[in-house]
Amino acid sequence: MLDDPAPDALEALTEFLYLVPVGLMQFHMDGRVMLANPLAAQFLMPLAPAGDLSDAYSALAPLVPDLARLVHGSTDRTGVILDHRRCEAAGGVVLSVTLHRLHGATMLLVLDDVTRLVEQERRIQADQQRFRAIFDNVRDYAIYTLDAEGCVDGWNPSLQRFGGWQPEDVERRPIEVFFPPEDRAPERMAGMLAEARRTGSLEMEGWRRRRDGSRIWANSVLTALPDEAGGVRGFVAVSRDMTERKRMEDELRRLATTDPLTGASNRRAGQAALAEIFAGPDGAAVLMLDIDHFKSINDRHGHKAGDEALCSLVATCRAVLPAGTPVIRWGGEEFLIVLPGAADAAAMAETLRAAIAATEVTLAEGALCMTASLGVATGGDRSPEALLQRADAALYAAKRGGRNRVEQAPVQAG
């Protein structure tokens, strides 16, 4: 403070005290108020006894009951005695109170209205608690964070419900810990993180690993967290358990592509399999087979016996043929088998014919034996349909030749 301020300086100081957006009070350490600006008076008059602001300790007692003790207990000649203590004032106003010793026995009190800041902090805290409750209690989702290198640096309880993981299982471990062994190629992990950095977010779906080694089908979104320099400081990963949806989709797909009686592929699925294998580098060979005298089986033993014969035929085909070979119910008692390439197709057909002839279908009245005729087509056909036509012609040649035999269509020139 100036001892003898010039008129202009005093006017400027007075204007400053009126306009400054905080309450200011200067007082002697014995409590005598020497100066208070209008904002300080506005804050304190509703609290002071009879609105009297002549004594700082009385005026401030509702806010800072220990003000006198703080002042007289301070031994420093200058400096902060009280730093931003928050106090409830009249009308729900929250004040931040700071007290400075200017020099010797002269004190300066600063009152700042932080009501809106406190309310904003409360809202932020409430939002944080709400989000934390969501993140900690979601059951179909796992939410966790990764550092810039892709290692887990933030464990969330949702990981425990999602996959049985504990903090010590995952913290500081690379993201690959959540992937099954066959999907952990380093180049794939690096590419995944690089794509998320480049685009900001990466969505993927596939099998993930639980702590006990079992698998879960999950949809995962990896979002990059930018840093102040425009780089990436880490990632947020959100994975959703889609196992039940995957099971339902697989079941619907199976129902749409499978013959309900025999479990063989239906004709629609067979056409797709034939087109795919035909378009491959080795081409395709097809075996078309038909149960001999199937109508007489139904007539003599009933349709239930006929159904059992069809199911037995499919089981025999799967036992003899290489794993994964498409066995297709083409229509009625007629079946189609698709093989890649032409090698040993006729030999495979003969093995299958013999196995069918040796199969007995157990019925209530005894064992039922059956035979099948097979047509084989290989070669450089222009289309799958042309290949089927030649296999069908070979099948009917086998039937005309006495049944229970294999007939191979002449090889088509490329």
# chains A, B, ... in the order shown; residues from 1 in each chain; ligands from 1
call {"tool": "residues_around", "arguments": {"residues": "Leu363 in chain A", "least_positions_apart": "3", "cutoff": "9 Å", "atoms": "only C-alpha atoms", "output": "ChimeraX atom specification"}}
result
/A:301,305,308,366-368
call {"tool": "select_by_dssp", "arguments": {"residues": "range 221-400 of chain A", "states": "alpha helix (DSSP H)", "output": "PyMOL selection string"}}
result
chain A and resi 243-257+267-278+294-301+303-320+345-357+384-400
call {"tool": "select_by_dssp", "arguments": {"residues": "range 68-265 of chain A", "states": "strand (DSSP E or B)", "output": "PyMOL selection string"}}
result
chain A and resi 79-88+94-103+106-113+141-147+151-154+174+201-209+215-226+232-241+258+265
call {"tool": "closest_residue", "arguments": {"among": "A:Thr378, A:Thr371, A:Thr223, A:Thr316", "to": "Gly341 in chain A", "atoms": "only C-alpha atoms"}}
result
A:Thr378
call {"tool": "residues_around", "arguments": {"residues": "range 326-340 of chain A", "least_positions_apart": "4", "cutoff": "6 Å", "atoms": "only C-alpha atoms", "output": "VMD selection string"}}
result
chain A and resid 264 to 267 270 284 to 291
call {"tool": "residues_around", "arguments": {"residues": "range 209-217 of chain A", "least_positions_apart": "3", "cutoff": "9 Å", "atoms": "only C-alpha atoms", "output": "number ranges by chain"}}
result
A: 160, 162-166, 169, 177-181, 205-206, 240-246
call {"tool": "atom_distance", "arguments": {"atom1": "CA of Glu195 in chain A", "atom2": "CA of Glu149 in chain A"}}
result
13.2 Å
call {"tool": "closest_residue", "arguments": {"among": "A:Leu252, A:Val320, A:Val232, A:Ala185", "to": "Thr351 in chain A", "atoms": "only C-alpha atoms"}}
result
A:Val320
call {"tool": "residues_around", "arguments": {"residues": "Asp76 in chain A", "least_positions_apart": "5", "cutoff": "9 Å", "atoms": "only C-alpha atoms", "output": "VMD selection string"}}
result
chain A and resid 81 101 104
call {"tool": "closest_residue", "arguments": {"among": "A:Ser96, A:Thr262, A:Thr257, A:Asn219", "to": "Val114 in chain A", "atoms": "only C-alpha atoms"}}
result
A:Ser96
call {"tool": "atom_distance", "arguments": {"atom1": "CA of Phe294 in chain A", "atom2": "CA of Thr258 in chain A"}}
result
21.7 Å
call {"tool": "residues_around", "arguments": {"residues": "Tyr57 in chain A", "least_positions_apart": "3", "cutoff": "9 Å", "atoms": "only C-alpha atoms", "output": "MDAnalysis selection string"}}
result
chainID A and resid 30:32 60:61 64:68
call {"tool": "residues_around", "arguments": {"residues": "range 33-42 of chain A", "least_positions_apart": "3", "cutoff": "10 Å", "atoms": "only C-alpha atoms", "output": "number ranges by chain"}}
result
A: 14, 16-30, 45-48, 51-57, 59, 106-113
call {"tool": "closest_residue", "arguments": {"among": "A:Gly154, A:Gly375, A:Arg318, A:Leu313", "to": "Ile356 in chain A", "atoms": "only C-alpha atoms"}}
result
A:Leu313
